[in-house]
Every structure is written in C-alpha cells, then in structure tokens.
$ cat query.txt   # compact mmCIF, C-alpha atoms
# COMPACT_ATOMS: atom_id res chain seq x y z
CA MET A 1 -18.75 192.28 27.35
CA ARG A 2 -17.66 190.51 30.53
CA SER A 3 -21.11 190.82 32.02
CA ASN A 4 -22.62 189.19 28.93
CA ARG A 5 -20.20 186.27 29.20
CA ARG A 6 -21.00 185.85 32.87
CA LYS A 7 -24.73 185.82 32.17
CA PHE A 8 -24.21 183.33 29.35
CA LEU A 9 -22.05 181.05 31.53
CA ALA A 10 -24.51 181.24 34.40
CA LYS A 11 -27.42 180.32 32.13
CA THR A 12 -25.58 177.45 30.40
CA SER A 13 -24.45 176.02 33.75
CA VAL A 14 -28.06 175.80 34.88
CA VAL A 15 -29.08 174.15 31.60
CA ALA A 16 -26.14 171.72 31.76
CA ALA A 17 -27.06 170.77 35.33
CA ALA A 18 -30.67 170.20 34.32
CA VAL A 19 -29.57 167.98 31.44
CA THR A 20 -27.21 165.87 33.57
CA LEU A 21 -29.62 165.45 36.46
CA PRO A 22 -31.90 162.99 34.65
CA ALA A 23 -28.89 160.93 33.62
CA GLY A 24 -27.86 160.67 37.28
CA VAL A 25 -31.38 159.70 38.30
CA GLU A 26 -31.47 157.14 35.47
CA ALA A 27 -28.19 155.63 36.68
CA GLN A 28 -29.63 155.24 40.18
CA THR A 29 -32.75 153.57 38.74
CA ARG A 30 -30.64 151.16 36.70
CA ALA A 31 -28.57 150.24 39.75
CA SER A 32 -31.71 149.30 41.68
CA ASP A 33 -32.95 147.19 38.72
CA LYS A 34 -29.80 145.07 38.71
CA PRO A 35 -30.63 141.48 37.65
CA VAL A 36 -30.59 138.85 40.35
CA LYS A 37 -29.87 135.14 39.97
CA ARG A 38 -32.71 133.01 41.30
CA VAL A 39 -32.80 129.21 41.41
CA HIS A 40 -36.27 127.67 41.07
CA TYR A 41 -36.94 124.31 42.70
CA MET A 42 -39.68 121.95 41.50
CA SER A 43 -40.65 121.27 45.12
CA GLY A 44 -40.68 125.00 45.91
CA LYS A 45 -37.82 124.77 48.38
CA PRO A 46 -34.08 124.02 48.17
CA PRO A 47 -32.97 120.43 48.79
CA GLU A 48 -31.23 119.57 52.05
CA LYS A 49 -27.94 118.83 50.27
CA THR A 50 -26.36 121.05 47.64
CA PRO A 51 -27.35 119.65 44.23
CA LEU A 52 -24.88 118.93 41.46
CA PHE A 53 -26.60 121.55 39.26
CA SER A 54 -29.79 123.60 39.15
CA GLY A 55 -32.64 122.65 36.86
CA VAL A 56 -34.11 126.12 36.33
CA VAL A 57 -32.40 129.46 36.92
CA THR A 58 -33.63 132.95 36.13
CA TYR A 59 -31.42 135.99 35.86
CA GLY A 60 -33.34 139.18 35.32
CA ASN A 61 -35.74 138.39 32.49
CA MET A 62 -33.72 135.39 31.25
CA VAL A 63 -34.60 131.73 31.95
CA PHE A 64 -32.04 128.92 31.75
CA ILE A 65 -33.32 125.33 31.76
CA ALA A 66 -30.84 122.47 32.25
CA GLY A 67 -30.91 119.45 30.00
CA ILE A 68 -33.99 117.27 30.38
CA GLY A 69 -34.09 113.66 29.24
CA ALA A 70 -36.73 110.93 29.07
CA HIS A 71 -35.86 108.00 31.30
CA PHE A 72 -38.40 105.39 30.26
CA GLN A 73 -38.79 102.83 27.46
CA GLY A 74 -40.00 104.39 24.24
CA ASP A 75 -39.05 105.63 20.81
CA ILE A 76 -37.55 109.01 19.86
CA LYS A 77 -40.98 110.54 19.29
CA ALA A 78 -42.22 109.60 22.77
CA HIS A 79 -38.97 110.80 24.35
CA THR A 80 -38.95 114.11 22.44
CA LYS A 81 -42.61 114.81 23.26
CA HIS A 82 -41.99 114.08 26.94
CA VAL A 83 -38.92 116.34 27.09
CA LEU A 84 -40.68 119.23 25.31
CA ASP A 85 -43.69 118.88 27.63
CA GLU A 86 -41.36 119.05 30.66
CA ILE A 87 -39.60 122.13 29.26
CA GLN A 88 -42.98 123.79 28.72
CA LYS A 89 -44.02 123.08 32.34
CA ARG A 90 -40.80 124.59 33.69
CA LEU A 91 -41.05 127.67 31.47
CA GLU A 92 -44.65 128.32 32.47
CA ALA A 93 -43.80 127.84 36.16
CA VAL A 94 -41.47 130.87 35.98
CA GLY A 95 -43.71 133.04 33.82
CA SER A 96 -42.33 132.24 30.37
CA SER A 97 -43.55 130.13 27.46
CA MET A 98 -42.38 128.07 24.52
CA ASP A 99 -42.87 131.14 22.27
CA LYS A 100 -40.23 133.00 24.30
CA VAL A 101 -37.47 130.42 23.90
CA LEU A 102 -34.41 131.96 22.25
CA LYS A 103 -31.91 129.07 22.07
CA VAL A 104 -32.23 125.29 22.18
CA ASN A 105 -29.55 122.60 22.33
CA VAL A 106 -30.65 119.09 21.34
CA TYR A 107 -28.46 116.11 22.19
CA LEU A 108 -29.40 112.88 20.42
CA ASN A 109 -28.24 109.45 21.49
CA ASP A 110 -28.07 108.48 17.81
CA LEU A 111 -28.19 110.72 14.74
CA LYS A 112 -30.57 108.27 13.05
CA ASP A 113 -33.27 109.73 15.35
CA TYR A 114 -32.90 113.23 13.83
CA ALA A 115 -35.99 113.04 11.59
CA GLY A 116 -38.23 111.61 14.34
CA MET A 117 -37.08 114.26 16.81
CA ASN A 118 -37.69 117.00 14.21
CA GLU A 119 -41.21 115.69 13.62
CA MET A 120 -42.10 116.21 17.30
CA PHE A 121 -40.09 119.46 17.58
CA LEU A 122 -41.79 121.21 14.64
CA GLY A 123 -44.31 123.82 15.79
CA ARG A 124 -43.71 123.41 19.53
CA PHE A 125 -42.07 126.85 19.78
CA GLY A 126 -44.64 128.83 17.79
CA ALA A 127 -44.39 130.44 14.37
CA GLU A 128 -40.88 131.82 15.04
CA PRO A 129 -38.81 128.98 16.50
CA PRO A 130 -35.60 129.60 18.43
CA VAL A 131 -32.10 129.07 17.12
CA ARG A 132 -31.03 125.47 17.64
CA THR A 133 -27.99 123.26 17.72
CA THR A 134 -28.39 119.50 17.38
CA ILE A 135 -25.67 116.94 17.93
CA ALA A 136 -25.34 113.21 18.47
CA ALA A 137 -23.52 112.88 21.77
CA ALA A 138 -20.52 110.56 21.69
CA GLY A 139 -21.06 107.88 24.32
CA GLY A 140 -24.80 108.48 24.51
CA ILE A 141 -27.12 110.43 26.80
CA PRO A 142 -27.04 109.77 30.57
CA GLY A 143 -29.88 107.62 31.88
CA ASN A 144 -30.57 105.84 28.58
CA SER A 145 -32.61 108.73 27.19
CA LEU A 146 -32.73 108.96 23.41
CA VAL A 147 -32.73 112.78 23.58
CA GLU A 148 -31.79 115.53 26.00
CA ILE A 149 -32.76 119.17 25.46
CA ASP A 150 -31.80 122.38 27.27
CA CYS A 151 -32.85 125.92 26.48
CA ILE A 152 -32.58 129.64 27.17
CA ALA A 153 -35.70 131.81 27.14
CA CYS A 154 -36.90 135.22 28.24
CA ILE A 155 -39.80 136.09 30.50
$ encode --input "query.txt" --output "structure tokens"
Amino acid sequence: MRSNRRKFLAKTSVVAAAVTLPAGVEAQTRASDKPVKRVHYMSGKPPEKTPLFSGVVTYGNMVFIAGIGAHFQGDIKAHTKHVLDEIQKRLEAVGSSMDKVLKVNVYLNDLKDYAGMNEMFLGRFGAEPPVRTTIAAAGGIPGNSLVEIDCIACI
C-alpha cells in the first residue's frame, strides 16, 4: 500500500507543478505589461518649465484629457463645437476616438446654455454615448469660455 501512495504522490506532484507553472509564467507576463503613465504634448516635446497640469495623459489603455474651453467670442453652440473638435483631435492623436470615450464632465458658465450645448453634443460620441455629468460652475469658467469639457477614454 505504501508503494501505491508514493506513486500517487509522485504523479500528483508532477501534475500540480505543471498546473502552477503557467500561473507563474502568466504573473511574469503581467508584470512586464504594467501600465505606464505617459504625458502627451501638443508640440511633441515637454515645455521648458514644468506646466501647471498636463493636457493629455495616457495610462495603459486609458486616456485622460484635461478640461478644454473656447476662448473666443461666440455663442454656446460655437463654443461647444470648438471644444468637442479639440477633444476629438487630442483623442485621435493618441490612437483613440470619440466612440471610445467612457466619461465626460461638462462645465457650463450658465445653466441656461444647457439645451444649446446638448444640441451640439448629441451624436458626437457615436451611437453609445459616454456617461456624463453636467454642472453650471459657480463663478464661471476660466478664460470667459461658455463651456469647458474634460473626458476619460480608452485606446
């Protein structure tokens, strides 16, 4: 009986080692695929001085775009279109698209512009739009923009 147990234990040890080996290899693969933070500059190179914040950052397959405003004279529709066009440019520059946006934050200078902003927003993110939060910012939007939008997307 002892010899049967020894044979059984010897066989199961080999099987157990074979089963755990792929898990170890998988762990090593995951470690080498660790996401890396990368800042993307519109000019292609970092500025001489450290900026206050980054405009576009990727982390693994995630894209984070800082708030973009429209700093020119115009109505909410012109401002919203401009901001969405700028977001689209930045997304495409890092290999993403409007269809891959997961979350949007919209900051309005005045809540009365909600309907006009929605009119320009509708359809810009494809058939399945991202989740969205919209607020009217107390004190307004910096730079006299009527709207500021930031987003999170995937690549």
$ residues_near_point --input "query.txt" --point "(-42.2, 111.9, 21.6)" --cutoff "12 Å" --atoms "all atoms listed in the file" --output "PyMOL selection string"
chain A and resi 69-70+72-86+113+115-122+124+145-148
$ residues_around --input "query.txt" --residues "Pro129 of chain A" --least-positions-apart "5" --cutoff "9 Å" --atoms "only C-alpha atoms" --output "ChimeraX atom specification"
/A:98-103,122-124
$ write_last_selection --input "query.txt" --atoms "C-alpha atoms" --output "PDB file, keeping the file's coordinate frame"
ATOM      1  CA  MET A  98     -42.380 128.070  24.520  1.00  0.00           C
ATOM      2  CA  ASP A  99     -42.870 131.140  22.270  1.00  0.00           C
ATOM      3  CA  LYS A 100     -40.230 133.000  24.300  1.00  0.00           C
ATOM      4  CA  VAL A 101     -37.470 130.420  23.900  1.00  0.00           C
ATOM      5  CA  LEU A 102     -34.410 131.960  22.250  1.00  0.00           C
ATOM      6  CA  LYS A 103     -31.910 129.070  22.070  1.00  0.00           C
ATOM      7  CA  LEU A 122     -41.790 121.210  14.640  1.00  0.00           C
ATOM      8  CA  GLY A 123     -44.310 123.820  15.790  1.00  0.00           C
ATOM      9  CA  ARG A 124     -43.710 123.410  19.530  1.00  0.00           C
TER      10      ARG A 124
END
$ axis_aligned_box --input "query.txt" --around "segment 134-141 of chain A" --padding-each-side "4 Å" --output "AutoDock Vina command-line options"
--center_x -24.5 --center_y 113.7 --center_z 22.1 --size_x 15.9 --size_y 19.6 --size_z 17.4
$ atom_distance --input "query.txt" --atom1 "atom CA of Val63 of chain A" --atom2 "atom CA of Gly139 of chain A"
28.5 Å
$ atom_distance --input "query.txt" --atom1 "atom CA of Ile141 of chain A" --atom2 "atom CA of Lys45 of chain A"
28.0 Å
$ atom_distance --input "query.txt" --atom1 "atom CA of Pro130 of chain A" --atom2 "atom CA of Val104 of chain A"
6.6 Å
$ closest_residue --input "query.txt" --among "A:Ser97, A:Ala66, A:Ala137, A:Glu92" --to "Asp110 of chain A" --atoms "all atoms listed in the file"
A:Ala137
$ closest_residue --input "query.txt" --among "A:Phe53, A:His71, A:Ala138, A:Ile65" --to "Lys89 of chain A" --atoms "all atoms listed in the file"
A:Ile65
$ closest_residue --input "query.txt" --among "A:Val39, A:Val106, A:Ile87, A:Ala127" --to "Pro51 of chain A" --atoms "all atoms listed in the file"
A:Val39
$ closest_residue --input "query.txt" --among "A:Val94, A:Ile68, A:Leu111, A:Ile149" --to "Tyr41 of chain A" --atoms "only C-alpha atoms"
A:Val94
$ closest_residue --input "query.txt" --among "A:Asp150, A:Asp33, A:Glu128, A:Glu48" --to "Leu108 of chain A" --atoms "all atoms listed in the file"
A:Asp150
$ closest_residue --input "query.txt" --among "A:Phe125, A:Tyr59, A:Asn105, A:Thr50" --to "Gln88 of chain A" --atoms "only C-alpha atoms"
A:Phe125
$ residues_near_point --input "query.txt" --point "(-38.6, 138.9, 31.4)" --cutoff "8 Å" --atoms "all atoms listed in the file" --output "ChimeraX atom specification"
/A:60-62,96,154-155
